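coords-v1.tsv (TSV, C-alpha atoms)
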```
chain	number	residue	atom	x	y	z
A	1420	MET	CA	29.78	-26.41	20.32
A	1421	THR	CA	27.25	-27.49	17.71
A	1422	VAL	CA	25.95	-24.87	15.31
A	1423	THR	CA	22.42	-25.53	14.09
A	1424	THR	CA	21.78	-24.61	10.48
A	1425	PRO	CA	18.51	-22.70	10.09
A	1426	GLU	CA	15.75	-24.09	7.92
A	1427	HIS	CA	15.74	-22.45	4.50
A	1428	VAL	CA	11.95	-22.60	4.20
A	1429	PHE	CA	9.54	-22.22	7.10
A	1430	GLN	CA	5.95	-21.22	7.78
A	1431	LEU	CA	4.98	-17.90	9.39
A	1432	THR	CA	1.95	-16.32	11.02
A	1433	GLY	CA	1.01	-12.69	10.44
A	1434	SER	CA	-0.29	-9.98	12.77
A	1435	CYS	CA	-3.61	-8.15	12.28
A	1436	ASN	CA	-4.40	-4.55	13.23
A	1437	ASN	CA	-7.63	-2.66	13.81
A	1438	TYR	CA	-7.64	0.75	12.14
A	1439	PRO	CA	-11.23	2.05	11.77
A	1440	TRP	CA	-11.02	2.14	7.95
A	1441	GLY	CA	-10.84	-1.67	7.90
A	1442	LYS	CA	-13.67	-4.09	7.18
A	1443	LYS	CA	-15.66	-5.50	10.09
A	1444	GLY	CA	-15.44	-9.03	11.43
A	1445	LYS	CA	-15.50	-11.87	8.91
A	1446	GLN	CA	-16.00	-9.40	6.04
A	1447	SER	CA	-12.28	-8.64	6.36
A	1448	LEU	CA	-10.03	-10.77	4.17
A	1449	ALA	CA	-7.07	-9.68	6.31
A	1450	ALA	CA	-8.78	-11.17	9.38
A	1451	GLN	CA	-9.87	-14.32	7.55
A	1452	LEU	CA	-6.35	-15.05	6.29
A	1453	CYS	CA	-4.82	-14.25	9.68
A	1454	ALA	CA	-7.19	-16.64	11.46
A	1455	LYS	CA	-6.30	-19.50	9.10
A	1456	THR	CA	-2.75	-19.76	10.47
A	1457	ASP	CA	-2.85	-18.07	13.89
A	1458	LYS	CA	-5.02	-20.34	16.04
A	1459	SER	CA	-4.94	-17.84	18.93
A	1460	PHE	CA	-6.56	-15.17	16.72
A	1461	GLN	CA	-10.33	-14.97	17.13
A	1462	ILE	CA	-12.39	-12.77	14.79
A	1463	LYS	CA	-14.93	-10.58	16.59
A	1464	ASP	CA	-18.00	-9.49	14.62
A	1465	ASP	CA	-17.93	-5.90	15.91
A	1466	GLU	CA	-14.18	-5.30	15.45
A	1467	PHE	CA	-12.49	-3.59	12.49
A	1468	TYR	CA	-9.69	-5.60	10.85
A	1469	SER	CA	-7.69	-3.42	8.48
A	1470	GLU	CA	-4.33	-5.05	7.75
A	1471	MET	CA	-2.37	-8.24	8.24
A	1472	TRP	CA	1.39	-7.63	8.23
A	1473	PHE	CA	3.79	-10.50	7.58
A	1474	GLY	CA	7.25	-8.96	7.54
A	1475	ASP	CA	9.77	-8.37	10.34
A	1476	TYR	CA	8.72	-4.78	11.19
A	1477	PRO	CA	8.22	-4.62	14.99
A	1478	ASP	CA	4.78	-2.94	15.02
A	1479	PHE	CA	2.93	-6.04	13.80
A	1480	PRO	CA	5.57	-8.73	13.31
A	1481	ALA	CA	5.45	-12.10	11.61
A	1482	LYS	CA	6.43	-15.08	13.75
A	1483	LYS	CA	7.58	-18.60	13.04
A	1484	PHE	CA	4.48	-20.77	12.88
A	1485	ASP	CA	5.65	-23.65	15.06
A	1486	THR	CA	7.68	-21.82	17.72
A	1487	GLY	CA	6.29	-18.26	17.86
A	1488	GLU	CA	9.80	-16.81	17.48
A	1489	PRO	CA	9.70	-13.37	15.81
A	1490	LEU	CA	10.96	-13.42	12.22
A	1491	LYS	CA	13.22	-10.44	13.01
A	1492	ASP	CA	15.07	-12.45	15.69
A	1493	MET	CA	15.58	-15.37	13.32
A	1494	LEU	CA	16.96	-13.12	10.59
A	1495	GLU	CA	19.37	-11.33	12.94
A	1496	LYS	CA	20.85	-14.64	14.13
A	1497	ASN	CA	21.25	-16.07	10.61
A	1498	LYS	CA	21.85	-13.14	8.26
A	1499	GLU	CA	24.15	-14.92	5.80
A	1500	GLN	CA	21.82	-17.89	5.29
A	1501	LEU	CA	18.43	-16.15	5.50
A	1502	LEU	CA	19.11	-12.71	4.03
A	1503	GLY	CA	22.09	-13.31	1.76
A	1504	LYS	CA	25.02	-11.20	0.58
A	1505	LYS	CA	22.97	-8.83	-1.64
A	1506	VAL	CA	20.74	-7.74	1.25
A	1507	ILE	CA	23.61	-7.52	3.74
A	1508	ASP	CA	25.79	-5.44	1.39
A	1509	ASN	CA	23.17	-3.24	-0.30
A	1510	LEU	CA	19.90	-3.24	1.67
A	1511	ASP	CA	20.79	-2.57	5.33
A	1512	GLY	CA	21.09	-6.22	6.36
A	1513	GLN	CA	17.40	-6.66	7.20
A	1514	LEU	CA	14.29	-7.80	5.36
A	1515	PRO	CA	14.08	-4.91	2.87
A	1516	TYR	CA	10.33	-5.02	2.30
A	1517	LEU	CA	7.09	-5.18	4.29
A	1518	PRO	CA	4.22	-7.25	2.81
A	1519	LYS	CA	0.61	-6.83	3.94
A	1520	ILE	CA	-2.98	-7.77	3.15
A	1521	LEU	CA	-5.36	-4.77	3.38
A	1522	SER	CA	-9.16	-4.97	3.67
A	1523	ILE	CA	-10.53	-1.48	3.09
A	1524	ALA	CA	-14.10	-0.40	3.90
A	1525	LYS	CA	-13.59	3.37	3.85
A	1526	ALA	CA	-10.92	5.83	2.78
A	1527	LEU	CA	-7.47	5.61	4.33
A	1528	PRO	CA	-5.90	8.96	5.22
A	1529	LEU	CA	-4.87	11.22	2.34
A	1530	GLN	CA	-1.15	10.64	2.65
A	1531	ILE	CA	2.39	10.67	1.36
A	1532	HIS	CA	5.40	8.69	2.56
A	1533	PRO	CA	8.50	10.89	2.94
A	1534	ASN	CA	11.59	10.24	0.83
A	1535	LYS	CA	14.81	9.03	2.48
A	1536	GLU	CA	16.26	12.49	3.05
A	1537	LEU	CA	13.14	13.82	4.76
A	1538	ALA	CA	12.49	10.54	6.61
A	1539	THR	CA	16.00	10.72	8.10
A	1540	LYS	CA	15.37	14.29	9.32
A	1541	LEU	CA	11.92	13.48	10.72
A	1542	HIS	CA	13.17	10.33	12.45
A	1543	LYS	CA	15.96	12.29	14.13
A	1544	LYS	CA	13.58	15.08	15.21
A	1545	ASP	CA	10.52	12.97	16.18
A	1546	PRO	CA	11.40	9.27	16.50
A	1547	GLU	CA	8.13	8.47	18.26
A	1548	ASN	CA	6.04	9.37	15.20
A	1549	PHE	CA	8.64	8.64	12.49
A	1550	THR	CA	10.00	5.30	13.62
A	1551	ASP	CA	12.70	4.73	10.99
A	1552	PRO	CA	14.89	6.74	8.56
A	1553	ASN	CA	13.73	4.92	5.43
A	1554	HIS	CA	11.58	5.82	2.44
A	1555	LYS	CA	8.41	3.90	1.62
A	1556	PRO	CA	7.60	3.51	-2.07
A	1557	GLU	CA	4.95	0.80	-2.39
A	1558	ILE	CA	2.84	-1.30	-4.71
A	1559	ALA	CA	-0.77	-2.43	-4.33
A	1560	VAL	CA	-2.06	-5.48	-6.22
A	1561	ALA	CA	-5.85	-5.78	-6.31
A	1562	LEU	CA	-7.45	-8.99	-5.01
A	1563	SER	CA	-10.96	-7.58	-5.57
A	1564	LYS	CA	-12.43	-4.46	-7.11
A	1565	PHE	CA	-10.15	-1.74	-5.69
A	1566	GLU	CA	-10.95	1.99	-5.63
A	1567	VAL	CA	-8.14	4.45	-5.04
A	1568	PHE	CA	-7.17	8.10	-5.35
A	1569	ALA	CA	-3.57	8.14	-6.62
A	1570	GLY	CA	-1.31	10.71	-8.22
A	1571	TRP	CA	-2.39	13.91	-9.96
A	1572	LYS	CA	-4.86	14.41	-12.76
A	1573	PRO	CA	-3.47	16.02	-15.91
A	1574	LEU	CA	-3.37	19.78	-15.42
A	1575	SER	CA	-5.71	20.06	-18.42
A	1576	ASP	CA	-8.39	18.26	-16.34
A	1577	ILE	CA	-7.80	20.36	-13.21
A	1578	VAL	CA	-7.63	23.89	-14.68
A	1579	PRO	CA	-11.27	24.01	-15.93
A	1580	LEU	CA	-12.55	23.11	-12.45
A	1581	PHE	CA	-10.81	26.11	-10.91
A	1582	GLN	CA	-12.47	28.40	-13.43
A	1583	LEU	CA	-15.75	27.70	-11.61
A	1584	SER	CA	-16.63	30.83	-9.62
A	1585	PHE	CA	-16.55	29.17	-6.19
A	1586	LEU	CA	-13.06	27.71	-6.77
A	1587	ARG	CA	-11.27	30.74	-8.25
A	1588	GLN	CA	-10.27	32.00	-4.79
A	1589	TYR	CA	-7.91	29.01	-4.40
A	1590	VAL	CA	-5.86	29.89	-7.48
A	1591	PRO	CA	-2.69	31.84	-6.53
A	1592	ALA	CA	-2.74	35.54	-7.46
A	1593	GLY	CA	-0.96	36.24	-10.73
A	1594	THR	CA	-1.52	32.74	-12.15
A	1595	THR	CA	-1.66	32.75	-15.96
A	1596	ASP	CA	-3.55	30.31	-18.14
A	1597	THR	CA	-0.43	28.14	-18.16
A	1598	TRP	CA	-0.35	26.23	-14.88
A	1599	THR	CA	2.73	24.46	-13.52
A	1600	ASP	CA	3.20	21.97	-10.72
A	1601	VAL	CA	4.06	24.94	-8.50
A	1602	THR	CA	0.51	26.20	-9.10
A	1603	LEU	CA	-0.85	22.79	-8.15
A	1604	ARG	CA	1.24	22.69	-4.98
A	1605	GLU	CA	-0.13	26.06	-3.85
A	1606	ILE	CA	-3.72	25.10	-4.70
A	1607	THR	CA	-3.35	21.91	-2.66
A	1608	ARG	CA	-1.98	23.94	0.24
A	1609	SER	CA	-4.88	26.43	-0.03
A	1610	LEU	CA	-7.50	23.67	-0.09
A	1611	LEU	CA	-5.99	21.93	2.94
A	1612	LYS	CA	-5.85	25.21	4.88
A	1613	ALA	CA	-9.36	26.32	3.91
A	1614	GLU	CA	-11.80	27.23	6.68
A	1615	GLU	CA	-14.14	24.36	7.53
A	1616	SER	CA	-17.12	26.44	6.40
A	1617	SER	CA	-15.39	26.99	3.04
A	1618	VAL	CA	-14.80	23.25	2.63
A	1619	GLU	CA	-18.51	22.65	3.20
A	1620	PHE	CA	-19.47	25.46	0.81
A	1621	VAL	CA	-17.26	24.16	-2.01
A	1622	ALA	CA	-18.60	20.61	-1.61
A	1623	GLN	CA	-22.20	21.87	-1.70
A	1624	SER	CA	-21.40	24.00	-4.75
A	1625	LEU	CA	-19.90	20.99	-6.55
A	1626	LEU	CA	-23.07	19.00	-5.82
A	1627	LYS	CA	-25.12	21.76	-7.46
A	1628	THR	CA	-22.86	22.02	-10.52
A	1629	SER	CA	-24.10	20.20	-13.60
A	1630	LYS	CA	-22.04	17.35	-14.98
A	1631	GLU	CA	-21.78	19.31	-18.23
A	1632	ASP	CA	-20.06	22.17	-16.39
A	1633	LEU	CA	-17.78	19.76	-14.55
A	1634	GLY	CA	-16.79	18.16	-17.84
A	1635	PRO	CA	-16.91	14.47	-18.82
A	1636	LYS	CA	-13.64	13.57	-17.09
A	1637	ASN	CA	-14.84	15.02	-13.76
A	1638	ALA	CA	-18.49	13.93	-13.92
A	1639	TYR	CA	-17.94	11.35	-11.14
A	1640	ILE	CA	-17.21	14.04	-8.52
A	1641	PRO	CA	-20.80	14.62	-7.29
A	1642	ASP	CA	-21.32	10.86	-6.90
A	1643	LEU	CA	-18.40	10.53	-4.49
A	1644	ILE	CA	-19.00	13.60	-2.32
A	1645	PRO	CA	-21.83	12.11	-0.19
A	1646	ARG	CA	-19.87	8.90	0.31
A	1647	LEU	CA	-16.71	10.68	1.49
A	1648	GLN	CA	-18.69	13.09	3.68
A	1649	ASP	CA	-20.52	10.17	5.25
A	1650	GLN	CA	-17.15	8.63	6.15
A	1651	TYR	CA	-15.27	11.71	7.41
A	1652	GLY	CA	-17.82	14.52	7.73
A	1653	PRO	CA	-18.43	17.58	5.55
A	1654	LYS	CA	-15.45	19.57	6.87
A	1655	ASP	CA	-12.56	17.28	5.90
A	1656	PRO	CA	-10.36	19.04	3.29
A	1657	GLY	CA	-9.12	15.71	1.94
A	1658	THR	CA	-12.39	15.43	0.03
A	1659	LEU	CA	-11.59	18.52	-2.04
A	1660	VAL	CA	-7.96	17.65	-2.77
A	1661	ALA	CA	-8.83	14.08	-3.77
A	1662	LEU	CA	-11.80	14.94	-5.97
A	1663	LEU	CA	-10.48	18.08	-7.64
A	1664	CYS	CA	-6.80	17.27	-8.10
A	1665	MET	CA	-6.19	13.48	-7.96
A	1666	ASN	CA	-6.91	10.53	-10.24
A	1667	PHE	CA	-9.84	8.37	-9.12
A	1668	MET	CA	-9.11	4.83	-10.27
A	1669	VAL	CA	-11.14	1.62	-10.17
A	1670	LEU	CA	-8.92	-1.45	-10.50
A	1671	GLN	CA	-9.87	-5.09	-10.99
A	1672	PRO	CA	-8.20	-8.22	-9.53
A	1673	GLY	CA	-4.62	-8.50	-10.78
A	1674	ASP	CA	-4.31	-4.78	-11.59
A	1675	SER	CA	-1.54	-3.01	-9.71
A	1676	ILE	CA	-0.39	0.52	-8.95
A	1677	TYR	CA	3.00	1.88	-7.89
A	1678	ILE	CA	3.17	4.74	-5.39
A	1679	PRO	CA	6.60	6.43	-5.44
A	1680	ALA	CA	8.15	8.05	-2.36
A	1681	ASP	CA	6.31	11.37	-1.81
A	1682	GLY	CA	3.46	10.17	-4.06
A	1683	ILE	CA	0.03	11.39	-2.90
A	1684	HIS	CA	-2.61	8.69	-2.46
A	1685	ALA	CA	-5.66	7.51	-0.52
A	1686	TYR	CA	-7.02	3.98	-0.87
A	1687	LEU	CA	-10.82	3.95	-0.83
A	1688	SER	CA	-12.16	0.38	-0.89
A	1689	GLY	CA	-11.27	-3.23	-1.66
A	1690	ASP	CA	-8.88	-6.04	-0.75
A	1691	ILE	CA	-5.25	-5.78	-1.83
A	1692	VAL	CA	-1.80	-7.25	-1.39
A	1693	GLU	CA	0.45	-4.33	-0.53
A	1694	CYS	CA	4.22	-4.38	-0.37
A	1695	MET	CA	6.56	-1.51	0.41
A	1696	ALA	CA	10.11	-0.66	1.33
A	1697	ARG	CA	10.71	-1.42	5.01
A	1698	SER	CA	9.21	1.66	6.64
A	1699	ASN	CA	6.16	2.89	8.52
A	1700	ASN	CA	6.60	6.65	7.97
A	1701	VAL	CA	3.62	8.67	6.80
A	1702	LEU	CA	2.39	12.26	6.53
A	1703	ASN	CA	-1.42	12.59	6.69
A	1704	ALA	CA	-3.48	15.59	5.58
A	1705	GLY	CA	-7.09	14.43	5.29
A	1706	PHE	CA	-9.61	11.59	5.69
A	1707	CYS	CA	-8.69	11.44	9.36
A	1708	PRO	CA	-9.41	13.39	12.57
A	1709	PRO	CA	-7.69	16.81	12.75
A	1710	ALA	CA	-5.45	15.57	15.57
A	1711	ASP	CA	-4.01	12.90	13.23
A	1712	ARG	CA	-3.06	15.38	10.49
A	1713	ASN	CA	0.51	16.56	10.00
A	1714	SER	CA	1.54	20.12	9.13
A	1715	TYR	CA	-0.20	21.18	5.92
A	1716	ASP	CA	2.89	23.19	4.95
A	1717	LEU	CA	5.21	20.21	5.46
A	1718	PHE	CA	2.80	18.01	3.51
A	1719	SER	CA	2.54	20.52	0.65
A	1720	GLU	CA	6.29	21.15	0.41
A	1721	THR	CA	6.97	17.39	0.32
A	1722	LEU	CA	4.65	16.70	-2.62
A	1723	THR	CA	6.17	15.48	-5.87
A	1724	PHE	CA	4.52	15.45	-9.27
A	1725	GLN	CA	5.94	12.57	-11.35
A	1726	ALA	CA	2.52	11.00	-11.96
A	1727	HIS	CA	0.11	13.19	-13.91
A	1728	THR	CA	-2.32	10.65	-15.36
A	1729	ALA	CA	-4.01	7.51	-14.07
A	1730	ALA	CA	-1.89	5.52	-16.53
A	1731	ASP	CA	1.27	6.85	-14.85
A	1732	MET	CA	0.21	5.08	-11.65
A	1733	LEU	CA	-0.37	1.64	-13.17
A	1734	LEU	CA	2.23	-1.10	-12.76
A	1735	PRO	CA	1.45	-3.75	-15.39
A	1736	SER	CA	2.48	-7.33	-14.77
A	1737	LYS	CA	4.94	-9.11	-17.06
A	1738	LYS	CA	5.82	-12.75	-17.56
A	1739	SER	CA	8.37	-13.70	-14.92
A	1740	GLU	CA	11.73	-14.96	-16.12
A	1741	LYS	CA	11.91	-16.98	-12.89
A	1742	SER	CA	8.85	-19.02	-13.94
A	1743	LYS	CA	9.62	-22.32	-15.66
A	1744	GLU	CA	6.05	-23.07	-16.81
A	1745	GLY	CA	5.05	-19.45	-17.56
A	1746	ARG	CA	2.21	-19.40	-15.04
A	1747	THR	CA	3.76	-16.71	-12.83
A	1748	VAL	CA	3.89	-13.01	-13.60
A	1749	VAL	CA	6.03	-10.32	-11.98
A	1750	TYR	CA	5.29	-6.75	-10.92
A	1751	LYS	CA	8.59	-4.85	-11.10
A	1752	PRO	CA	8.42	-1.45	-9.40
A	1753	PRO	CA	11.28	0.98	-10.18
A	1754	MET	CA	13.02	0.38	-6.86
A	1755	SER	CA	15.69	-2.01	-5.59
A	1756	GLU	CA	13.99	-3.46	-2.52
A	1757	PHE	CA	11.67	-6.06	-4.07
A	1758	ASP	CA	9.63	-7.45	-6.96
A	1759	MET	CA	6.25	-9.13	-6.51
A	1760	LEU	CA	5.46	-12.48	-8.14
A	1761	LYS	CA	1.89	-13.71	-8.71
A	1762	ALA	CA	1.21	-17.32	-9.65
A	1763	ASP	CA	-2.25	-18.30	-10.92
A	1764	LEU	CA	-2.42	-22.08	-11.15
A	1765	GLY	CA	-5.44	-23.89	-12.53
A	1766	ALA	CA	-6.53	-27.37	-11.48
A	1767	GLY	CA	-3.72	-29.89	-11.99
A	1768	GLU	CA	-1.13	-27.22	-12.81
A	1769	SER	CA	2.31	-26.47	-11.39
A	1770	ASP	CA	5.14	-23.98	-11.71
A	1771	GLU	CA	8.78	-23.93	-10.71
A	1772	ILE	CA	10.33	-20.66	-9.52
A	1773	ALA	CA	14.07	-20.15	-9.91
A	1774	PRO	CA	16.10	-19.07	-6.87
A	1775	SER	CA	16.55	-15.39	-5.94
A	1776	ASP	CA	19.57	-13.51	-4.59
A	1777	GLY	CA	17.64	-12.49	-1.50
A	1778	PRO	CA	14.81	-13.70	0.75
A	1779	GLY	CA	11.23	-14.30	-0.37
A	1780	VAL	CA	7.97	-14.19	1.58
A	1781	LEU	CA	4.84	-15.71	0.04
A	1782	ILE	CA	1.16	-15.91	0.90
A	1783	VAL	CA	-1.49	-18.18	-0.59
A	1784	THR	CA	-4.31	-15.77	-1.43
A	1785	SER	CA	-6.71	-18.48	-2.63
A	1786	GLY	CA	-6.88	-22.24	-3.18
A	1787	GLU	CA	-4.58	-24.96	-1.92
A	1788	GLY	CA	-1.73	-27.19	-3.02
A	1789	THR	CA	1.83	-28.13	-2.15
A	1790	MET	CA	5.29	-26.60	-2.32
A	1791	LEU	CA	8.47	-28.59	-2.88
A	1792	ALA	CA	11.48	-26.65	-1.55
A	1793	ASP	CA	14.73	-27.41	0.26
A	1794	GLY	CA	14.14	-31.14	-0.22
A	1795	LYS	CA	10.80	-31.09	1.63
A	1796	THR	CA	7.12	-30.93	0.71
A	1797	PHE	CA	4.95	-28.32	2.43
A	1798	ASP	CA	1.15	-28.19	2.45
A	1799	LEU	CA	-0.23	-24.87	1.19
A	1800	LYS	CA	-3.69	-23.64	2.12
A	1801	GLU	CA	-5.44	-20.29	1.74
A	1802	GLY	CA	-3.69	-17.95	4.18
A	1803	SER	CA	-0.46	-19.97	4.41
A	1804	ILE	CA	2.61	-17.71	4.71
A	1805	PHE	CA	6.15	-18.98	4.10
A	1806	PHE	CA	9.65	-17.55	4.26
A	1807	VAL	CA	12.04	-18.76	1.54
A	1808	ALA	CA	15.78	-18.20	1.97
A	1809	PRO	CA	18.05	-16.93	-0.84
A	1810	GLU	CA	19.21	-19.39	-3.50
A	1811	THR	CA	16.22	-21.69	-2.85
A	1812	ALA	CA	14.07	-22.87	-5.76
A	1813	VAL	CA	10.41	-23.73	-5.16
A	1814	VAL	CA	7.87	-25.86	-7.04
A	1815	TRP	CA	4.17	-25.17	-6.54
A	1816	LYS	CA	1.54	-27.79	-7.43
A	1817	THR	CA	-2.22	-27.85	-7.07
A	1818	GLU	CA	-5.04	-30.29	-7.78
A	1819	LYS	CA	-7.87	-27.75	-7.44
A	1820	GLY	CA	-6.29	-24.39	-8.28
A	1821	MET	CA	-4.20	-21.92	-6.25
A	1822	GLN	CA	-3.06	-18.29	-6.28
A	1823	ILE	CA	0.19	-17.16	-4.61
A	1824	HIS	CA	1.73	-13.70	-4.15
A	1825	MET	CA	5.44	-13.66	-3.29
A	1826	ALA	CA	7.74	-10.73	-2.55
A	1827	VAL	CA	11.30	-11.41	-3.73
A	1828	VAL	CA	14.57	-9.49	-3.79
```
Do you think you could lay out the structure here as structure tokens?
Amino acid sequence: MTVTTPEHVFQLTGSCNNYPWGKKGKQSLAAQLCAKTDKSFQIKDDEFYSEMWFGDYPDFPAKKFDTGEPLKDMLEKNKEQLLGKKVIDNLDGQLPYLPKILSIAKALPLQIHPNKELATKLHKKDPENFTDPNHKPEIAVALSKFEVFAGWKPLSDIVPLFQLSFLRQYVPAGTTDTWTDVTLREITRSLLKAEESSVEFVAQSLLKTSKEDLGPKNAYIPDLIPRLQDQYGPKDPGTLVALLCMNFMVLQPGDSIYIPADGIHAYLSGDIVECMARSNNVLNAGFCPPADRNSYDLFSETLTFQAHTAADMLLPSKKSEKSKEGRTVVYKPPMSEFDMLKADLGAGESDEIAPSDGPGVLIVTSGEGTMLADGKTFDLKEGSIFFVAPETAVVWKTEKGMQIHMAVV
């Protein structure tokens, strides 16, 4: 019997989805990039296109470009060659990350991704809604201006807001001037559980409060209230939690944030490359219809409080040691599942990337060029997605300029 050796480098197509927070039609970068490689994918002007996934997760799987075979099937048949010993021994023997392009027109749900211990319990109890036992820390790298609520404000910025008369009722009885994260947990719980009429009243009261009384660090709050209410109505409690308690951040292309497991966040607008541990578990508490919200008590008890400034959320890029020419940076989140490389090549430039212990998946986010890998030359165009097996070096070249994002183990 002849055993066929799998290709070490091959092109993929992604899968797009249609959540209503996505951008419409051709305004969606996710849809544009998906259409460049999947010829069966037709963009409709009146359809929302929120995400393109290009990992092996079954919900929206990547497939081999020329045969249509699901990436997951290819990896299961050729684990040693395509995943490598490190992934087989330490990372569950499957692609350990899930890369996506997101095109965001309005706020995603106010959410957290449960840690491994809770995810295992939820998956056992409710496998239909919690489809795996894994955690889901993630990074988001901005491709455009990117607005996001992420992590908690410093307590020193939150406490003065709750001294306003219409917010004092949400402070737990017996609270001293010295707040703790326990105080913040209970305030979040109280805001989420507030009567709809109370949510409306607080929002209206914030709109009437002068920017001087809100303080310079919270002066943006009245500007965002009408926008969030226009998206999700005046009764959604996510508006209060996000505006009163969370960092509002505006990132520029190339900026990145890291969301730890159990880290509270809600993306608001922009195009991003997102990559996460291989999971699709989420707990939602706002910026979504009431039927889509999880238990407010479960959500509140699951919250963690590592990040207490906007700076805590940022994940700066560093020069990549894998880059021979120094034109590729790396985003290194504090987790074992992946790093993210970003190559920015000007006209006539190239870079060589040293091999990795595990698999890589790359996407060309702009421009065009070529890739030399595994003894072959591959054409790269905007939207091209490629799988690169472990221990495989690649050389990228461009005549006109090219940007590549690549998840690596």
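The shortest atom-to-atom distance to Lys1751 (chain A), with only C-alpha atoms taken into account, belongs to A:Pro1735 out of A:Pro1735, A:Lys1483, A:Asp1776, A:Asp1763.
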Item to complete: Can you work out which one of A:Leu1529, A:Val1618, A:Lys1555, A:Asp1632 has the shortest atom-to-atom distance to Ser1584 (chain A), counting only C-alpha atoms?
Response: A:Asp1632
I need every residue sitting at most 9 Å from the point (14.3, -10.7, 0.2) (coordinates as in the file, all atoms listed in the file considered), written as a PDB file with C-alpha atoms, in the coordinates of the input.
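Output below, filename part-v1.pdb:
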```pdb
ATOM      1  CA  LEU A1501      18.430 -16.150   5.500  1.00  0.00           C
ATOM      2  CA  LEU A1502      19.110 -12.710   4.030  1.00  0.00           C
ATOM      3  CA  GLY A1503      22.090 -13.310   1.760  1.00  0.00           C
ATOM      4  CA  VAL A1506      20.740  -7.740   1.250  1.00  0.00           C
ATOM      5  CA  GLN A1513      17.400  -6.660   7.200  1.00  0.00           C
ATOM      6  CA  LEU A1514      14.290  -7.800   5.360  1.00  0.00           C
ATOM      7  CA  PRO A1515      14.080  -4.910   2.870  1.00  0.00           C
ATOM      8  CA  TYR A1516      10.330  -5.020   2.300  1.00  0.00           C
ATOM      9  CA  GLU A1756      13.990  -3.460  -2.520  1.00  0.00           C
ATOM     10  CA  PHE A1757      11.670  -6.060  -4.070  1.00  0.00           C
ATOM     11  CA  SER A1775      16.550 -15.390  -5.940  1.00  0.00           C
ATOM     12  CA  ASP A1776      19.570 -13.510  -4.590  1.00  0.00           C
ATOM     13  CA  GLY A1777      17.640 -12.490  -1.500  1.00  0.00           C
ATOM     14  CA  PRO A1778      14.810 -13.700   0.750  1.00  0.00           C
ATOM     15  CA  GLY A1779      11.230 -14.300  -0.370  1.00  0.00           C
ATOM     16  CA  VAL A1780       7.970 -14.190   1.580  1.00  0.00           C
ATOM     17  CA  VAL A1807      12.040 -18.760   1.540  1.00  0.00           C
ATOM     18  CA  ALA A1808      15.780 -18.200   1.970  1.00  0.00           C
ATOM     19  CA  PRO A1809      18.050 -16.930  -0.840  1.00  0.00           C
ATOM     20  CA  ALA A1826       7.740 -10.730  -2.550  1.00  0.00           C
ATOM     21  CA  VAL A1827      11.300 -11.410  -3.730  1.00  0.00           C
ATOM     22  CA  VAL A1828      14.570  -9.490  -3.790  1.00  0.00           C
TER      23      VAL A1828
END
```
Discussion item. Taking 2 positions as the minimum chain separation for residues in the same chain, which residues sit within 9 Å of Ile1577 (chain A) when counting all atoms listed in the file? Answer as a list in words.
Written reply: Lys1572, Pro1573, Leu1574, Ser1575, Pro1579, Leu1580, Phe1581, Leu1603, Asn1637, Leu1663, Cys1664 and Met1665 of chain A
Discussion item. Neighbouring residues of Asn1553 (chain A) were defined as those with any atom within 6 Å, considering all atoms listed in the file; residues of the same chain fewer than 5 positions away were excluded. Please report them as a VMD selection string.
Written reply: chain A and resid 1535 1538 1698
File dump, residues just selected, C-alpha atoms, as a PDB file, keeping the file's coordinate frame:
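Okay, out_2.pdb is ready:
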```pdb
ATOM      1  CA  LYS A1535      14.810   9.030   2.480  1.00  0.00           C
ATOM      2  CA  ALA A1538      12.490  10.540   6.610  1.00  0.00           C
ATOM      3  CA  SER A1698       9.210   1.660   6.640  1.00  0.00           C
TER       4      SER A1698
END
```
Item to complete: Identify which of the residues A:Ala1710, A:Leu1537, A:Met1732, A:Leu1562 lies closest to Lys1761 (chain A), counting only C-alpha atoms when measuring atom-to-atom distances.
Response: A:Leu1562
Tell me which protein, DNA and RNA residues are within 12 Å of Val1783 (chain A), counting all atoms listed in the file, leaving out same-chain ones fewer than 2 positions away, and put them as a compact mmCIF listing (two decimals) with C-alpha atoms, keeping the file's coordinate frame.
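What ended up in around_9.txt:
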```
# COMPACT_ATOMS: atom_id res chain seq x y z
CA GLN A 1430 5.95 -21.22 7.78
CA LEU A 1431 4.98 -17.90 9.39
CA LEU A 1452 -6.35 -15.05 6.29
CA CYS A 1453 -4.82 -14.25 9.68
CA LYS A 1455 -6.30 -19.50 9.10
CA THR A 1456 -2.75 -19.76 10.47
CA ILE A 1520 -2.98 -7.77 3.15
CA LEU A 1562 -7.45 -8.99 -5.01
CA VAL A 1692 -1.80 -7.25 -1.39
CA LEU A 1760 5.46 -12.48 -8.14
CA LYS A 1761 1.89 -13.71 -8.71
CA ALA A 1762 1.21 -17.32 -9.65
CA ASP A 1763 -2.25 -18.30 -10.92
CA LEU A 1764 -2.42 -22.08 -11.15
CA VAL A 1780 7.97 -14.19 1.58
CA LEU A 1781 4.84 -15.71 0.04
CA SER A 1785 -6.71 -18.48 -2.63
CA GLY A 1786 -6.88 -22.24 -3.18
CA GLU A 1787 -4.58 -24.96 -1.92
CA GLY A 1788 -1.73 -27.19 -3.02
CA THR A 1789 1.83 -28.13 -2.15
CA MET A 1790 5.29 -26.60 -2.32
CA ASP A 1798 1.15 -28.19 2.45
CA LEU A 1799 -0.23 -24.87 1.19
CA LYS A 1800 -3.69 -23.64 2.12
CA GLU A 1801 -5.44 -20.29 1.74
CA GLY A 1802 -3.69 -17.95 4.18
CA SER A 1803 -0.46 -19.97 4.41
CA ILE A 1804 2.61 -17.71 4.71
CA PHE A 1805 6.15 -18.98 4.10
CA TRP A 1815 4.17 -25.17 -6.54
CA THR A 1817 -2.22 -27.85 -7.07
CA GLY A 1820 -6.29 -24.39 -8.28
CA MET A 1821 -4.20 -21.92 -6.25
CA GLN A 1822 -3.06 -18.29 -6.28
CA ILE A 1823 0.19 -17.16 -4.61
CA HIS A 1824 1.73 -13.70 -4.15
CA MET A 1825 5.44 -13.66 -3.29
```
